[in-house]
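Below: the structure, in structure tokens.
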Protein chains: 2
Amino acid sequence: MNPDHIYEAGLNKNRANYTPLSPLSFLERTAFIYPNHDSIVYGDIRFQWSETYRRCRQLASALQNRRLQKGDTVAVMLPNVPAMYEASFGVAMAGGVLNALNIRLNADSIAFMLEHAEAKILLTDREFSNVISEALAKLENKPLVIDVDDSLYEGGMFLGELEYEDFLKEGSSEFAWQLPEDEWDAISLNYTSGTTGNPKGAVYHHRGAYLNAVSNSMFWQMPQHPVYLWTLPMFHCNGWCFPWTIAAIAGTNVCLRKVQIETVYDLIKKEKVDHLCGAPIVLNMMVNADDELTQGIKHKVNVMTAGAAPPAAVLESMQKLGFNVTHVYGLTETYGPAAGCVWQDEWNELNISEQSDFKSRQGVRYPMLEGLIVADPDTVEPVPKDGTTIGEIMFQGNIVMKGYLKNPTTTEKSLMGGWFHSGDLAVWHEDGYIEIKDRSKDIIISGGENISSIEVEGVLYHHPKVLEAAVVAREDEKWGEIPCAFVTLKAGQELSVEELIDYCRDNMEHFKAPKTIVFGALPKTSTGKIQKFKLRKQANEIID
Amino acid sequence: MNPDHIYEAGLNKNRANYTPLSPLSFLERTAFIYPNHDSIVYGDIRFQWSETYRRCRQLASALQNRRLQKGDTVAVMLPNVPAMYEASFGVAMAGGVLNALNIRLNADSIAFMLEHAEAKILLTDREFSNVISEALAKLENKPLVIDVDDSLYEGGMFLGELEYEDFLKEGSSEFAWQLPEDEWDAISLNYTSGTTGNPKGAVYHHRGAYLNAVSNSMFWQMPQHPVYLWTLPMFHCNGWCFPWTIAAIAGTNVCLRKVQIETVYDLIKKEKVDHLCGAPIVLNMMVNADDELTQGIKHKVNVMTAGAAPPAAVLESMQKLGFNVTHVYGLTETYGPAAGCVWQDEWNELNISEQSDFKSRQGVRYPMLEGLIVADPDTVEPVPKDGTTIGEIMFQGNIVMKGYLKNPTTTEKSLMGGWFHSGDLAVWHEDGYIEIKDRSKDIIISGGENISSIEVEGVLYHHPKVLEAAVVAREDEKWGEIPCAFVTLKAGQELSVEELIDYCRDNMEHFKAPKTIVFGALPKTSTGKIQKFKLRKQANEIID
């Protein structure tokens with residue numbers, strides 16, 4: 001508006017009425033109101049919010065003492081330990097940008113990221129000392145290395161100048177940290193696990209982190225004081241913004257170094273965990289656990305899943321075990337979840353299997369996402385809501401990244417036409433719900449017909465003896481491509497290729513049924529995603 | 001940050017990753033996801049969200065057709081009817097600024113506001129036709145007047161050119177409304193009910209309206225689909241931002257023309273109302289209702305109250321009736337509630353009377369308020385958290401108004417030193433909770449001692465025969481000032497002045513006990529606030 005307009009003149013922003021949005025505010029507020037409420041539980045450690053706030057301020061202070069400048073990158077190579085949670089706040093409180101590295105990456109990838117992000121300081125865990133020392137050896141400008149000495153892990157080496165607790169002691173717990181000058185300032189950097197080429201670094205800002213943290217709590221209808229189990233890696237899209245969500249609603253973070261199914265069930269029972277997130281692989285582990293583990297949970301546990309469309313069969317089993325599963329959808333570029341399958345009351349009338357089919361849809365936009373469409377990748381024209389026309393899923397709004405670090409060309413391309421292009425292919429149902437049919441590169445084109453690999457996988461997962469399944473395209477002289485399935489059977493089960501192909505043909509159109517089936521373990525990324533690019537290569541090396 | 005910095009270069013705001021925050025987004029999202037869920041219930045009317053969205057778009061379209069420009073004021077003189085709810089969205093969707101007038105004001109005040117705000121269009125209800133026609137007669141530039149014809153009201157006259165439903169028909173339900181260009185753009189104007197001088201118009205922006213709407217739902221831990229009863233006037237701080245909150249979480253607005261206690265209880269039972277807000281006067285009506293009304297509610301009802309410190313005795317009675325009362329605090333300048341009495345688990349151990357004492361505190365900052373302090377009014381230096389030092393309550397953050405319309409001097413003064421100065425006096429307890437002791441002008445200084453009128457009222461409210469009480473200063477030759485109490489007894493009760501003074505002396509320090517007591521009805525504002533300025537005048541006209 002015109003600055004002389006009556007609703008503008010003399011009505012400017014000032015310190016009293018304008019504050020940059022930042023999730024750091026949540027930590028301060030919660031420590032003030034609930035100083036004695038448990039913030040972090042890990043092994044024998046039990047921190048309260050006042051303590052977590054003090055430790056985060058110490059971390060920020062110590063980082064500045066070591067000459068961290070505004071906008072400098074702090075990398076961390078850590079599992080879900082308390083230091084990792086503290087870094088989610090402390091780094092930004094010092095004006096730095098957090099880059100949480102995927103702990104399953106190799107030295108080449110790590111070296112690339114440390115160099116590309118110009119990391120000044122690195123926090124690392126003994127478990128990864130081999131990879132990190134190899135990576136550091138490749139770097140010309142080495143960051144200051146600080147070891148986090150986790151007593152729950154044995155082995156590995158110290159690599160750095162000092163240990164994390166000693167480093168904290170260098171800082172002041174009364175440190176006068178400041179909010180960012182601008183809510184558009186970067187808060188973190190998250191590399192996407194690209195399967196080819198160099199990884200791209202999605203940059204998050206304070207505004208988006210604040211809004212998606214709140215979005216999580218609204219979408220999931222989380223109460224005050226949830227007990228949240230960290231089955232989701234915090235290095236994955238900053239733990240989908242949940243470190244900030246849990247601070248906003250004064251929950252308790254139950255940390256977890258490794259997702260071992262016994263520990264997961266023990267903690268659910270012991271700490272009365274009521275919320276946890278995880279890729280479908282985590283759900284799969286949970287449903288396939290021994291009865292003695294799954295029995296005896298007397299409270300409601302809410303489970304949020306994303307990362308791949310969870311097979312309806314897995315959702316169904318989770319529901320039968322009494323877990324309340326919510327399916328969300330997003331990408332590294334959208335601060336983690338930015339869409340979700342909102343439950344409709346009329347679905348209560350359906351049977352559990354129909355419910356699971358609905359639940360496996362990606363759904364509708366998150367509370368603080370502005371736009372979610374399925375559109376033509378080139379024209380950005382929305383496809384009809386007919387449940388059959390395939391288009392690309394696109395996002396718009398404050399929980400879309402700033403862009404990719406040092407990569408203006410790809411940034412511009414990915415945000416072309418005012419929408420973030422996800423690369424995921426979906427249909428748009430009449431009710432406005434989106435359902436992924438495939439990643440662009442995962443569609444199998446056989447005899448001119450499109451086959452959704454996800455659809456074929458869905459059928460395979462329904463077979464009672466199947467634990468996991470992945471379907472990819474295999475080149476074929478006659479058909480162009482044919483569906484090729486890689487399948488892991490449940491422990492102790494036997495099944496022939498013929499039996500399983502027959503089962504598929506009984507349950508889907510014949511042209512969609514896999515023509516090749518390979519039994520065995522599936523290759524996975526650190527976040528539990530099946531590495532289809534490896535299977536695609538393998539499929540094309542098979543000799544009939 | 002420097003635009004060449006690695007976290008800035010090529011990472012600018014654009015349509016894909018930045019959207020101005022506005023509560024209008026909530027309406028669009030909810031209409032998309034829950035088109036068939038009830039949005040508004042009123043008499044025989046039952047709208048769904050798709051319909052409410054269409055009607056709001058029609059309203060916006062019709063306003064633009066009538067040449068409403070960006071930043072023009074649309075005034076409304078309406079009770080809590082559907083048109084009032086629609087105006088909370090439709091006006092802003094047309095780029096206008098909503099000014100909801102207090103329906104109890106007289107023609108002079110209304111004329112002042114219409115002129116000061118330069119209102120272009122006025123929506124009005126037949127009930128107020130006398131006041132409005134008198135006010136319009138005083139204006140040189142008259143707004144376009146549109147009558148809202150509510151069939152639940154009989155009487156009054158039509159004043160304007162056309163009726164609301166006909167006006168809507170002039171607009172398109174497919175109107176391509178737009179978000180504000182800037183989230184700092186004004187969304188509404190709310191005049192404070194000043195007791196002296198001209199009213200001040202607090203200007204709200206889209207950003208603050210969005211954030212406080214969300215703050216409400218987080219603070220109150222509201223689930224999806226609440227059933228919300230409109231016992232709070234929507235003309236009061238835009239209904240504390242609840243029109244936008246209810247849209248954000250897809251609730252049902254149960255509208256109410258007038259707060260009649262039979263209707264309130266009927267609707268609670270019939271529509272299964274689970275949330276309502278109101279000034280303490282509403283709570284007082286609820287606890288003093290006949291048993292046949294209060295009995296038979298089988299579900300949990302959450303009640304939010306603010307506007308004055310609710311007497312502990314009233315809170316206690318509400319709790320005994322099974323209502324779950326939350327006490328919040330704020331001012332017109334802070335979008336309604338911006339602080340609240342957050343419940344602490346350890347208070348569960350206390351008895352109901354001790355709990356009520358805690359609950360009557362104003363509490364701590366709202367989820368999206370940045371700062372709340374008790375400070376020296378001149379230096380803005382926080383007072384010690386000792387529970388005894390009195391200071392002024394001050395607010396800071398995104399839910400503080402832009403400022404006062406056409407009043408830069410008062411705006412600057414009220415936002416001095418980076419904090420909004422509330423004019424409320426309070427102590428700061430050791431646990432960080434704020435407790436109002438009085439409005440600056442309500443403190444009674446007797447023999448050099450400060451007496452909090454609220455404290456004296458608290459004791460009076462505990463007397464079983466007292467319905468309402470207000471205490472003000474009365475000039476006194478010996479003491480300077482003495483406490484003078486105005487008291488309304490419950491129906492059919494009798495009590496002598498001496499008995500009540502004795503009761504007070506038994507329950508507080510003697511110098512604080514009222515020396516004069518007057519029985520009778522109390523003068524109130526339209527929002528149920530007792531008009532102490534009238535009582536103060538009356539107190540000083542008493543001849544002993």
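Identifiers for the structure tokens are assigned positionally: chains receive A, B, ... in sequence, residues are indexed from 1 per chain, and ligands are indexed from 1 in the order shown.
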Q) Could you pull the residues within 8 Å of region 121-134 of chain A, counting only C-alpha atoms, minus those fewer than 3 positions along the same chain, as a PyMOL selection string? A) chain A and resi 73-79+103+106-107+110+137-138+143-150+153-159+164
Selection above as a file: C-alpha atoms, as a PDB file, in the first residue's frame:
```pdb
ATOM      1  CA  THR A  73      28.012 -23.778   8.317  1.00  0.00           C
ATOM      2  CA  VAL A  74      28.278 -26.194  11.229  1.00  0.00           C
ATOM      3  CA  ALA A  75      28.167 -29.820  10.061  1.00  0.00           C
ATOM      4  CA  VAL A  76      27.203 -32.690  12.314  1.00  0.00           C
ATOM      5  CA  MET A  77      27.686 -36.421  11.789  1.00  0.00           C
ATOM      6  CA  LEU A  78      25.576 -37.728  14.627  1.00  0.00           C
ATOM      7  CA  PRO A  79      22.891 -40.283  15.362  1.00  0.00           C
ATOM      8  CA  ILE A 103      25.469 -40.956   8.777  1.00  0.00           C
ATOM      9  CA  ASN A 106      30.709 -42.636   2.369  1.00  0.00           C
ATOM     10  CA  ALA A 107      33.837 -40.497   2.636  1.00  0.00           C
ATOM     11  CA  ILE A 110      30.911 -36.395   3.108  1.00  0.00           C
ATOM     12  CA  ALA A 137      41.970 -36.239   4.524  1.00  0.00           C
ATOM     13  CA  LYS A 138      40.490 -35.169   1.205  1.00  0.00           C
ATOM     14  CA  PRO A 143      36.835 -27.687   9.817  1.00  0.00           C
ATOM     15  CA  LEU A 144      37.424 -27.618  13.554  1.00  0.00           C
ATOM     16  CA  VAL A 145      36.474 -31.144  14.632  1.00  0.00           C
ATOM     17  CA  ILE A 146      34.685 -31.806  17.915  1.00  0.00           C
ATOM     18  CA  ASP A 147      34.029 -35.366  19.085  1.00  0.00           C
ATOM     19  CA  VAL A 148      30.767 -36.257  20.752  1.00  0.00           C
ATOM     20  CA  ASP A 149      31.647 -39.015  23.190  1.00  0.00           C
ATOM     21  CA  ASP A 150      28.527 -41.106  23.582  1.00  0.00           C
ATOM     22  CA  TYR A 153      28.687 -46.604  21.921  1.00  0.00           C
ATOM     23  CA  GLU A 154      31.901 -48.551  22.152  1.00  0.00           C
ATOM     24  CA  GLY A 155      34.610 -48.357  19.543  1.00  0.00           C
ATOM     25  CA  GLY A 156      35.815 -45.872  17.023  1.00  0.00           C
ATOM     26  CA  MET A 157      38.323 -43.101  17.660  1.00  0.00           C
ATOM     27  CA  PHE A 158      38.503 -39.505  18.680  1.00  0.00           C
ATOM     28  CA  LEU A 159      39.487 -37.363  15.724  1.00  0.00           C
ATOM     29  CA  TYR A 164      31.728 -31.936  23.064  1.00  0.00           C
TER      30      TYR A 164
END
```
Q) Quick one: DSSP helix (DSSP H, G or I) residues in region 469-534 of chain B, as a ChimeraX atom specification? A) /B:497-507,510-512,532-534
**Q.** Filtered DSSP result for region 8-169 of chain B, state strand (DSSP E or B), as a PyMOL selection string
**A.** chain B and resi 38-42+45-48+73-77+80+97-100+119-125+144-148+162-163
What lies within 12 Å of Glu457 (chain A) using only C-alpha atoms, ignoring chain neighbours under 6 positions off, as an mmCIF file with C-alpha atoms, in the first residue's frame?
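Generated file (selection_34.cif):
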```cif
data_model
loop_
_atom_site.group_PDB
_atom_site.id
_atom_site.type_symbol
_atom_site.label_atom_id
_atom_site.label_comp_id
_atom_site.auth_asym_id
_atom_site.auth_seq_id
_atom_site.Cartn_x
_atom_site.Cartn_y
_atom_site.Cartn_z
ATOM 1 C CA ALA A 308 7.429 -43.724 0.311
ATOM 2 C CA ALA A 309 3.811 -44.716 -0.099
ATOM 3 C CA PRO A 310 3.318 -47.273 2.685
ATOM 4 C CA PRO A 311 1.804 -50.477 1.347
ATOM 5 C CA ALA A 312 -1.826 -50.798 2.448
ATOM 6 C CA ALA A 313 -1.049 -54.211 3.935
ATOM 7 C CA VAL A 314 1.474 -52.674 6.338
ATOM 8 C CA LYS A 437 1.687 -43.267 -8.898
ATOM 9 C CA ASP A 438 5.447 -43.077 -9.183
ATOM 10 C CA ASP A 442 9.984 -45.324 -11.735
ATOM 11 C CA ILE A 451 2.582 -49.414 -15.254
ATOM 12 C CA HIS A 463 0.817 -61.695 -0.102
ATOM 13 C CA VAL A 466 6.106 -61.283 1.495
ATOM 14 C CA LEU A 467 8.119 -59.021 3.813
ATOM 15 C CA GLU A 468 9.308 -56.426 1.279
ATOM 16 C CA ALA A 469 9.014 -55.840 -2.435
ATOM 17 C CA ALA A 470 10.330 -53.433 -5.045
ATOM 18 C CA VAL A 471 9.409 -53.358 -8.708
ATOM 19 C CA VAL A 472 11.487 -51.763 -11.466
ATOM 20 C CA PRO A 483 8.026 -55.177 -14.588
ATOM 21 C CA CYS A 484 10.736 -56.958 -12.629
ATOM 22 C CA ALA A 485 10.125 -57.600 -8.913
ATOM 23 C CA PHE A 486 12.684 -57.974 -6.126
ATOM 24 C CA VAL A 487 11.135 -59.623 -3.110
ATOM 25 C CA THR A 488 12.221 -60.466 0.442
ATOM 26 C CA CYS A 504 -0.080 -61.258 -9.075
ATOM 27 C CA ASN A 507 -4.890 -59.709 -8.418
ATOM 28 C CA MET A 508 -4.152 -57.231 -11.205
ATOM 29 C CA LYS A 512 1.059 -55.316 -15.038
ATOM 30 C CA ALA A 513 2.138 -58.569 -13.373
ATOM 31 C CA PRO A 514 5.909 -58.946 -12.976
ATOM 32 C CA ILE A 517 10.947 -62.125 -9.803
#
```
Q. Using only C-alpha atoms, which of A:Val287, A:Val518, A:Met222, A:Ile261 sits nearest chain B?
A.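 Checking each of A:Val287, A:Val518, A:Met222, A:Ile261 against chain B, counting only C-alpha atoms, the winner is A:Met222.
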